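*Asks:* A single structure is presented below for examination.
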Amino acid sequence: MDNLSIEDRSPDNPTLEPGLYIVATPIGNLGDMTRRAVEVLGAVAAIACEDTRVTGKLMAHLGIRKPLRRYDDHADVSARDALIAQMRTEPVALVSDAGTPLISDPGYRLVRAAQAEGIMVTSLPGPSALITALTLAGLPTDRFLFGGFLPGKDKARGDVLRELAGVPATLVFYDTGPRLADTLDAMAELLPRREIAVARELTKLFEECRRGSASELAAHYREHPPRGEIVVLAGPQGEAPKPDEAAIDAALYEALARLPVAKAAKEVARATGLDRKDLYVRALALQSDPA
């Protein structure tokens with residue numbers, strides 16, 4: 001690393017080649033800003049950001065003065081084109097309000113457009129609520145699926161959880177305080193065999209990661225409503241308790257009253273996780289020798 005100060009790294013004294021620099025910013029603790037990120041933000045010609053007020057506070061803390069260009073989900077094509085035009089001759093940074101840009105934040109269209117124009121694009125690693133929560137939750141991390149923000153409406157949220165219920169991995173979602181208890185209620189119903197973790201206030205003074213069943217956590221957070229953005233994690237699906245023989249027979253009898261043997265066995269297999277062929281044999285026996 002050379003000895004240029006932040007003030008020295010200006011468009012009049014460039015040290016970066018033209019292009020797009022994706023820069024992660026702190027999710028809470030400002031001490032998590034990397035030295036490289038500070039250097040790059042001090043060297044670019046402009047910074048594209050979601051909210052100029054939020055990014056302005058961070059820049060003031062870092063002692064960096066750069067033009068801030070608003071770029072969020074509501075930005076039109078002309079805003080993107082203006083940034084692309086500037087990147088052809090100058091370095092431009094992209095930041096989000098917190099964490100790594102593009103992770104449930106705007107930016108991928110800007111990246112694609114820059115790459116399509118042959119503009120250099122690079123990304124600086126740094127803070128991410130997703131990765132921080134995964135490492136903190138105490139759930140398996142060898143396979144995980146990030147589902148972004150769950151929908152706020154009950155039906156849409158339920159549809160997403162049903163779609164992902166069978167994925168053999170830890171599921172990770174972003175959520176907000178006012179919606180958390182409803183999300184956990186839905187998980188209790190649709191992901192009953194998954195251990196849940198709720199991570200909040202990450203990297204801050206009152207950081208918390210609470211783990212348990214979805215119903216337990218829903219009750220806790222209804223009594224203690226949280227604020228801010230939250231990460232909710234659902235561990236891989238656990239083993240379902242094996243039904244006893246009397247319960248299996250009762251389920252088969254009920255299904256046989258409505259369905260042919262093969263379909264009855266299939267329905268009970270889906271509900272219990274037991275082998276369909278074994279259930280078919282048992283259903284035949286029950287049908288020929290009813291209780």
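Each chain in the structure tokens gets a letter, A, B and so on, in the order shown; residues start at 1 in every chain, and ligands are counted from 1 in the order they appear.
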With the cut-off set at 12 Å and counting only C-alpha atoms, tabulate each residue of stretch 84-166 of chain A with an atom at most that distance from an atom of stretch 211-217 of chain A, showing the nearest atom pair and its distance in Å to one decimal, ordered by chain and increasing number, as JSON lines.

*Replies:*
{"residue": "A:Ala133", "atom": "CA", "partner": "A:Arg211", "partner_atom": "CA", "distance": 11.7}
{"residue": "A:Leu136", "atom": "CA", "partner": "A:Arg211", "partner_atom": "CA", "distance": 10.4}
{"residue": "A:Ala137", "atom": "CA", "partner": "A:Arg211", "partner_atom": "CA", "distance": 7.3}
{"residue": "A:Gly138", "atom": "CA", "partner": "A:Arg211", "partner_atom": "CA", "distance": 8.3}
{"residue": "A:Leu139", "atom": "CA", "partner": "A:Arg211", "partner_atom": "CA", "distance": 9.1}

*Asks:* If you keep N, CA, C and O atoms, can you produce a file of those selected residues as an mmCIF file, in the first residue's frame?

*Replies:*
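again.cif, written as the output of this step:
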data_model
loop_
_atom_site.group_PDB
_atom_site.id
_atom_site.type_symbol
_atom_site.label_atom_id
_atom_site.label_comp_id
_atom_site.auth_asym_id
_atom_site.auth_seq_id
_atom_site.Cartn_x
_atom_site.Cartn_y
_atom_site.Cartn_z
ATOM 1 N N ALA A 133 -24.805 -13.539 9.971
ATOM 2 C CA ALA A 133 -25.832 -14.316 10.664
ATOM 3 C C ALA A 133 -25.580 -15.809 10.539
ATOM 4 O O ALA A 133 -25.758 -16.564 11.507
ATOM 5 N N LEU A 136 -23.031 -16.984 12.949
ATOM 6 C CA LEU A 136 -23.410 -16.768 14.345
ATOM 7 C C LEU A 136 -24.515 -17.705 14.815
ATOM 8 O O LEU A 136 -24.651 -17.956 16.009
ATOM 9 N N ALA A 137 -25.306 -18.242 13.892
ATOM 10 C CA ALA A 137 -26.558 -18.902 14.262
ATOM 11 C C ALA A 137 -26.399 -20.295 14.859
ATOM 12 O O ALA A 137 -27.304 -20.788 15.531
ATOM 13 N N GLY A 138 -25.277 -20.941 14.616
ATOM 14 C CA GLY A 138 -25.110 -22.295 15.133
ATOM 15 C C GLY A 138 -25.922 -23.328 14.363
ATOM 16 O O GLY A 138 -26.239 -24.402 14.894
ATOM 17 N N LEU A 139 -26.262 -23.025 13.116
ATOM 18 C CA LEU A 139 -26.959 -23.957 12.236
ATOM 19 C C LEU A 139 -25.993 -24.420 11.150
ATOM 20 O O LEU A 139 -24.997 -23.750 10.879
#

*Asks:* What's around stretch 93-95 of chain A at 8 Å? Count only C-alpha atoms, leave out sequence neighbours fewer than 3 positions away in its own chain, and write the answer as JSON, numbers by chain.

*Replies:* {"A": [20, 21, 22, 23, 24, 25, 40, 41, 44, 46, 47, 48, 49, 50, 98, 100, 101, 107]}

*Asks:* Only N, CA, C and O atoms, please: the residues just picked out, written as a JSON list (two decimals), in the first residue's frame.

*Replies:*
[["chain", "number", "residue", "atom", "x", "y", "z"],
["A", 20, "LEU", "N", -16.26, 0.44, -12.47],
["A", 20, "LEU", "CA", -17.21, 0.35, -11.36],
["A", 20, "LEU", "C", -16.59, -0.44, -10.22],
["A", 20, "LEU", "O", -16.13, -1.57, -10.40],
["A", 21, "TYR", "N", -16.61, 0.15, -9.03],
["A", 21, "TYR", "CA", -16.06, -0.46, -7.83],
["A", 21, "TYR", "C", -17.21, -0.71, -6.86],
["A", 21, "TYR", "O", -17.81, 0.24, -6.34],
["A", 22, "ILE", "N", -17.53, -1.99, -6.62],
["A", 22, "ILE", "CA", -18.61, -2.36, -5.71],
["A", 22, "ILE", "C", -18.02, -2.46, -4.31],
["A", 22, "ILE", "O", -17.13, -3.29, -4.06],
["A", 23, "VAL", "N", -18.50, -1.60, -3.40],
["A", 23, "VAL", "CA", -17.85, -1.46, -2.09],
["A", 23, "VAL", "C", -18.85, -1.79, -0.98],
["A", 23, "VAL", "O", -19.91, -1.16, -0.87],
["A", 24, "ALA", "N", -18.51, -2.76, -0.16],
["A", 24, "ALA", "CA", -19.34, -3.11, 1.00],
["A", 24, "ALA", "C", -19.11, -2.12, 2.12],
["A", 24, "ALA", "O", -17.98, -1.67, 2.35],
["A", 25, "THR", "N", -20.19, -1.77, 2.82],
["A", 25, "THR", "CA", -20.11, -0.83, 3.93],
["A", 25, "THR", "C", -20.63, -1.49, 5.21],
["A", 25, "THR", "O", -21.31, -2.53, 5.14],
["A", 40, "VAL", "N", -10.52, 3.12, -1.60],
["A", 40, "VAL", "CA", -11.22, 3.20, -2.89],
["A", 40, "VAL", "C", -12.25, 4.33, -2.88],
["A", 40, "VAL", "O", -12.35, 5.10, -3.84],
["A", 41, "LEU", "N", -13.02, 4.44, -1.79],
["A", 41, "LEU", "CA", -14.00, 5.52, -1.73],
["A", 41, "LEU", "C", -13.32, 6.89, -1.77],
["A", 41, "LEU", "O", -13.89, 7.86, -2.28],
["A", 44, "VAL", "N", -12.33, 7.39, -5.82],
["A", 44, "VAL", "CA", -13.26, 7.43, -6.93],
["A", 44, "VAL", "C", -13.71, 8.86, -7.24],
["A", 44, "VAL", "O", -13.56, 9.77, -6.40],
["A", 46, "ALA", "N", -16.97, 9.53, -8.05],
["A", 46, "ALA", "CA", -18.33, 9.68, -7.54],
["A", 46, "ALA", "C", -18.76, 8.39, -6.88],
["A", 46, "ALA", "O", -18.17, 7.32, -7.14],
["A", 47, "ILE", "N", -19.78, 8.49, -6.05],
["A", 47, "ILE", "CA", -20.31, 7.32, -5.34],
["A", 47, "ILE", "C", -21.80, 7.21, -5.62],
["A", 47, "ILE", "O", -22.57, 8.14, -5.34],
["A", 48, "ALA", "N", -22.21, 6.08, -6.18],
["A", 48, "ALA", "CA", -23.64, 5.79, -6.40],
["A", 48, "ALA", "C", -24.17, 5.10, -5.15],
["A", 48, "ALA", "O", -23.57, 4.14, -4.67],
["A", 49, "CYS", "N", -25.30, 5.58, -4.64],
["A", 49, "CYS", "CA", -25.80, 5.05, -3.36],
["A", 49, "CYS", "C", -27.33, 5.07, -3.33],
["A", 49, "CYS", "O", -27.97, 5.80, -4.10],
["A", 50, "GLU", "N", -27.90, 4.26, -2.43],
["A", 50, "GLU", "CA", -29.35, 4.20, -2.29],
["A", 50, "GLU", "C", -29.92, 5.50, -1.73],
["A", 50, "GLU", "O", -30.93, 6.01, -2.21],
["A", 98, "ALA", "N", -26.20, -0.33, 3.73],
["A", 98, "ALA", "CA", -25.42, -1.12, 4.68],
["A", 98, "ALA", "C", -25.14, -2.48, 4.06],
["A", 98, "ALA", "O", -25.99, -3.05, 3.38],
["A", 100, "THR", "N", -23.17, -5.50, 1.75],
["A", 100, "THR", "CA", -22.65, -5.69, 0.40],
["A", 100, "THR", "C", -23.69, -5.33, -0.64],
["A", 100, "THR", "O", -24.80, -5.88, -0.61],
["A", 101, "PRO", "N", -23.39, -4.43, -1.57],
["A", 101, "PRO", "CA", -24.36, -4.07, -2.60],
["A", 101, "PRO", "C", -24.82, -5.29, -3.40],
["A", 101, "PRO", "O", -24.10, -6.29, -3.50],
["A", 107, "GLY", "N", -28.60, -2.86, -7.95],
["A", 107, "GLY", "CA", -27.25, -2.83, -8.52],
["A", 107, "GLY", "C", -26.97, -3.80, -9.63],
["A", 107, "GLY", "O", -26.07, -3.57, -10.44]]

*Asks:* Just the residues within 7 Å of A:Ala169, please, counting only C-alpha atoms, with nothing from its chain fewer than 2 positions along; format it as a CSV table (one decimal) with N, CA and C atoms, in the first residue's frame.

*Replies:*
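New file part.csv:
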chain,number,residue,atom,x,y,z
A,143,ARG,N,-24.4,-26.1,3.4
A,143,ARG,CA,-25.3,-25.8,2.3
A,143,ARG,C,-26.4,-24.8,2.8
A,144,PHE,N,-26.5,-23.7,2.1
A,144,PHE,CA,-27.6,-22.8,2.5
A,144,PHE,C,-28.2,-22.1,1.3
A,145,LEU,N,-29.4,-21.6,1.4
A,145,LEU,CA,-30.1,-21.0,0.4
A,145,LEU,C,-30.6,-19.6,0.9
A,167,VAL,N,-36.2,-28.0,0.5
A,167,VAL,CA,-34.8,-27.8,0.2
A,167,VAL,C,-33.9,-28.3,1.3
A,171,LEU,N,-32.1,-22.4,5.3
A,171,LEU,CA,-32.7,-21.3,4.6
A,171,LEU,C,-32.5,-20.0,5.3
A,235,GLY,N,-32.9,-24.1,9.9
A,235,GLY,CA,-31.9,-25.1,9.7
A,235,GLY,C,-32.5,-26.2,8.8
A,236,PRO,N,-31.7,-27.2,8.4
A,236,PRO,CA,-32.2,-28.2,7.5
A,236,PRO,C,-33.3,-29.0,8.2

*Asks:* Can you build me a table of stretch 96-125 of chain A residues sitting at most 10 Å from stretch 83-88 of chain A, with the closest atom pair per residue and its distance in Å to one decimal, using only C-alpha atoms, sorted by chain and residue number, as JSON lines?

*Replies:*
{"residue": "A:Leu110", "atom": "CA", "partner": "A:Ile84", "partner_atom": "CA", "distance": 7.9}
{"residue": "A:Val111", "atom": "CA", "partner": "A:Ile84", "partner_atom": "CA", "distance": 9.5}
{"residue": "A:Ala113", "atom": "CA", "partner": "A:Ile84", "partner_atom": "CA", "distance": 7.5}
{"residue": "A:Ala114", "atom": "CA", "partner": "A:Ile84", "partner_atom": "CA", "distance": 6.2}
{"residue": "A:Gln115", "atom": "CA", "partner": "A:Ile84", "partner_atom": "CA", "distance": 9.9}
{"residue": "A:Glu117", "atom": "CA", "partner": "A:Ile84", "partner_atom": "CA", "distance": 8.3}
{"residue": "A:Gly118", "atom": "CA", "partner": "A:Arg88", "partner_atom": "CA", "distance": 9.0}
{"residue": "A:Ile119", "atom": "CA", "partner": "A:Arg88", "partner_atom": "CA", "distance": 6.5}
{"residue": "A:Met120", "atom": "CA", "partner": "A:Met87", "partner_atom": "CA", "distance": 8.5}
{"residue": "A:Val121", "atom": "CA", "partner": "A:Met87", "partner_atom": "CA", "distance": 9.6}

*Asks:* Those residues you just picked out, can you put them in a file as a compact mmCIF listing (two decimals), in the first residue's frame with N, CA, C and O atoms?

*Replies:*
# COMPACT_ATOMS: atom_id res chain seq x y z
N LEU A 110 -27.02 -2.37 -13.10
CA LEU A 110 -25.88 -1.49 -13.35
C LEU A 110 -24.63 -2.31 -13.66
O LEU A 110 -23.87 -1.98 -14.58
N VAL A 111 -24.42 -3.40 -12.92
CA VAL A 111 -23.27 -4.27 -13.18
C VAL A 111 -23.36 -4.87 -14.58
O VAL A 111 -22.38 -4.88 -15.33
N ALA A 113 -25.00 -3.78 -17.18
CA ALA A 113 -24.85 -2.74 -18.20
C ALA A 113 -23.38 -2.35 -18.36
O ALA A 113 -22.90 -2.16 -19.49
N ALA A 114 -22.68 -2.23 -17.25
CA ALA A 114 -21.26 -1.88 -17.31
C ALA A 114 -20.46 -2.98 -18.02
O ALA A 114 -19.61 -2.70 -18.88
N GLN A 115 -20.73 -4.22 -17.67
CA GLN A 115 -20.02 -5.33 -18.31
C GLN A 115 -20.33 -5.40 -19.80
O GLN A 115 -19.45 -5.70 -20.61
N GLU A 117 -20.86 -2.99 -21.71
CA GLU A 117 -20.14 -1.91 -22.37
C GLU A 117 -18.63 -2.13 -22.35
O GLU A 117 -17.86 -1.28 -22.81
N GLY A 118 -18.19 -3.25 -21.77
CA GLY A 118 -16.77 -3.52 -21.68
C GLY A 118 -16.07 -2.73 -20.61
O GLY A 118 -14.84 -2.59 -20.62
N ILE A 119 -16.83 -2.20 -19.65
CA ILE A 119 -16.26 -1.41 -18.55
C ILE A 119 -15.75 -2.34 -17.45
O ILE A 119 -16.39 -3.35 -17.14
N MET A 120 -14.62 -2.02 -16.89
CA MET A 120 -14.06 -2.81 -15.80
C MET A 120 -15.00 -2.76 -14.58
O MET A 120 -15.45 -1.70 -14.17
N VAL A 121 -15.30 -3.94 -14.00
CA VAL A 121 -16.11 -4.04 -12.79
C VAL A 121 -15.36 -4.90 -11.79
O VAL A 121 -14.90 -5.99 -12.13

*Asks:* Would you kindly return, as a PyMOL selection string, each protein, DNA or RNA residue with an atom no farther than 10 Å from any atom of A:Arg276, considering only C-alpha atoms and excluding same-chain residues fewer than 2 positions away?

*Replies:* chain A and resi 262-270+272-274+278-282

*Asks:* Point out the residue among A:Pro106, A:Gly177, A:Gly152, A:Pro125 with the least atom-to-atom distance to A:Thr34, counting only C-alpha atoms.

*Replies:*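 Among the listed residues, the smallest separation from A:Thr34 belongs to A:Pro125.
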
*Asks:* Would you list, as a JSON list (two decimals) with N, CA and C atoms, in the first residue's frame, the residues of stretch 232-268 of chain A that end up in alpha helix (DSSP H) under DSSP run on this structure's backbone?

*Replies:*
[["chain", "number", "residue", "atom", "x", "y", "z"],
["A", 245, "GLU", "N", -47.65, -47.96, 14.99],
["A", 245, "GLU", "CA", -48.43, -48.77, 14.06],
["A", 245, "GLU", "C", -49.92, -48.43, 14.12],
["A", 246, "ALA", "N", -50.42, -48.15, 15.31],
["A", 246, "ALA", "CA", -51.84, -47.82, 15.43],
["A", 246, "ALA", "C", -52.16, -46.54, 14.68],
["A", 247, "ALA", "N", -51.24, -45.54, 14.75],
["A", 247, "ALA", "CA", -51.48, -44.28, 14.05],
["A", 247, "ALA", "C", -51.41, -44.48, 12.54],
["A", 248, "ILE", "N", -50.47, -45.33, 12.09],
["A", 248, "ILE", "CA", -50.36, -45.61, 10.66],
["A", 248, "ILE", "C", -51.62, -46.29, 10.15],
["A", 249, "ASP", "N", -52.09, -47.29, 10.90],
["A", 249, "ASP", "CA", -53.30, -48.00, 10.49],
["A", 249, "ASP", "C", -54.50, -47.05, 10.45],
["A", 250, "ALA", "N", -54.60, -46.17, 11.44],
["A", 250, "ALA", "CA", -55.71, -45.23, 11.47],
["A", 250, "ALA", "C", -55.69, -44.32, 10.26],
["A", 251, "ALA", "N", -54.48, -43.86, 9.88],
["A", 251, "ALA", "CA", -54.36, -43.00, 8.70],
["A", 251, "ALA", "C", -54.73, -43.75, 7.43],
["A", 252, "LEU", "N", -54.34, -45.03, 7.35],
["A", 252, "LEU", "CA", -54.67, -45.83, 6.17],
["A", 252, "LEU", "C", -56.17, -46.11, 6.10],
["A", 253, "TYR", "N", -56.77, -46.43, 7.22],
["A", 253, "TYR", "CA", -58.23, -46.67, 7.24],
["A", 253, "TYR", "C", -58.97, -45.43, 6.74],
["A", 254, "GLU", "N", -58.55, -44.26, 7.22],
["A", 254, "GLU", "CA", -59.22, -43.03, 6.83],
["A", 254, "GLU", "C", -59.06, -42.78, 5.33],
["A", 255, "ALA", "N", -57.85, -43.02, 4.82],
["A", 255, "ALA", "CA", -57.60, -42.80, 3.39],
["A", 255, "ALA", "C", -58.32, -43.84, 2.53],
["A", 256, "LEU", "N", -58.39, -45.09, 3.01],
["A", 256, "LEU", "CA", -59.08, -46.15, 2.24],
["A", 256, "LEU", "C", -60.57, -45.91, 2.13],
["A", 261, "VAL", "N", -56.61, -48.32, -3.07],
["A", 261, "VAL", "CA", -55.47, -48.72, -2.23],
["A", 261, "VAL", "C", -54.19, -47.97, -2.59],
["A", 262, "ALA", "N", -53.87, -47.92, -3.88],
["A", 262, "ALA", "CA", -52.61, -47.29, -4.30],
["A", 262, "ALA", "C", -52.57, -45.82, -3.93],
["A", 263, "LYS", "N", -53.69, -45.12, -4.16],
["A", 263, "LYS", "CA", -53.73, -43.69, -3.85],
["A", 263, "LYS", "C", -53.74, -43.45, -2.34],
["A", 264, "ALA", "N", -54.39, -44.34, -1.60],
["A", 264, "ALA", "CA", -54.39, -44.21, -0.14],
["A", 264, "ALA", "C", -52.97, -44.36, 0.40],
["A", 265, "ALA", "N", -52.24, -45.36, -0.11],
["A", 265, "ALA", "CA", -50.86, -45.57, 0.33],
["A", 265, "ALA", "C", -49.98, -44.37, -0.01],
["A", 266, "LYS", "N", -50.20, -43.81, -1.21],
["A", 266, "LYS", "CA", -49.40, -42.66, -1.63],
["A", 266, "LYS", "C", -49.67, -41.46, -0.74],
["A", 267, "GLU", "N", -50.94, -41.23, -0.39],
["A", 267, "GLU", "CA", -51.29, -40.09, 0.46],
["A", 267, "GLU", "C", -50.66, -40.21, 1.84],
["A", 268, "VAL", "N", -50.74, -41.40, 2.43],
["A", 268, "VAL", "CA", -50.18, -41.60, 3.76],
["A", 268, "VAL", "C", -48.65, -41.54, 3.71]]

*Asks:* Could you pull the residues within 9 Å of A:Ala219, counting only C-alpha atoms, minus those fewer than 6 positions along the same chain, as a list of chain:residue names?

*Replies:* A:Ala181, A:Leu184, A:Asp185

*Asks:* With N, CA, C and O atoms retained, write the just-selected residues as a compact mmCIF listing (two decimals), in the first residue's frame.

*Replies:*
# COMPACT_ATOMS: atom_id res chain seq x y z
N ALA A 181 -42.90 -11.70 13.92
CA ALA A 181 -43.74 -12.69 14.59
C ALA A 181 -44.63 -13.43 13.59
O ALA A 181 -44.82 -14.65 13.69
N LEU A 184 -42.55 -15.98 11.78
CA LEU A 184 -42.27 -17.14 12.62
C LEU A 184 -43.50 -18.03 12.77
O LEU A 184 -43.40 -19.26 12.81
N ASP A 185 -44.68 -17.43 12.86
CA ASP A 185 -45.92 -18.22 12.89
C ASP A 185 -46.06 -19.06 11.62
O ASP A 185 -46.44 -20.23 11.67

*Asks:* Quick one: distance from atom CA of A:Leu102 to atom CA of A:Asp72 in Å, one decimal?

*Replies:*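 Here the two named atoms are 10.5 Å from each other.
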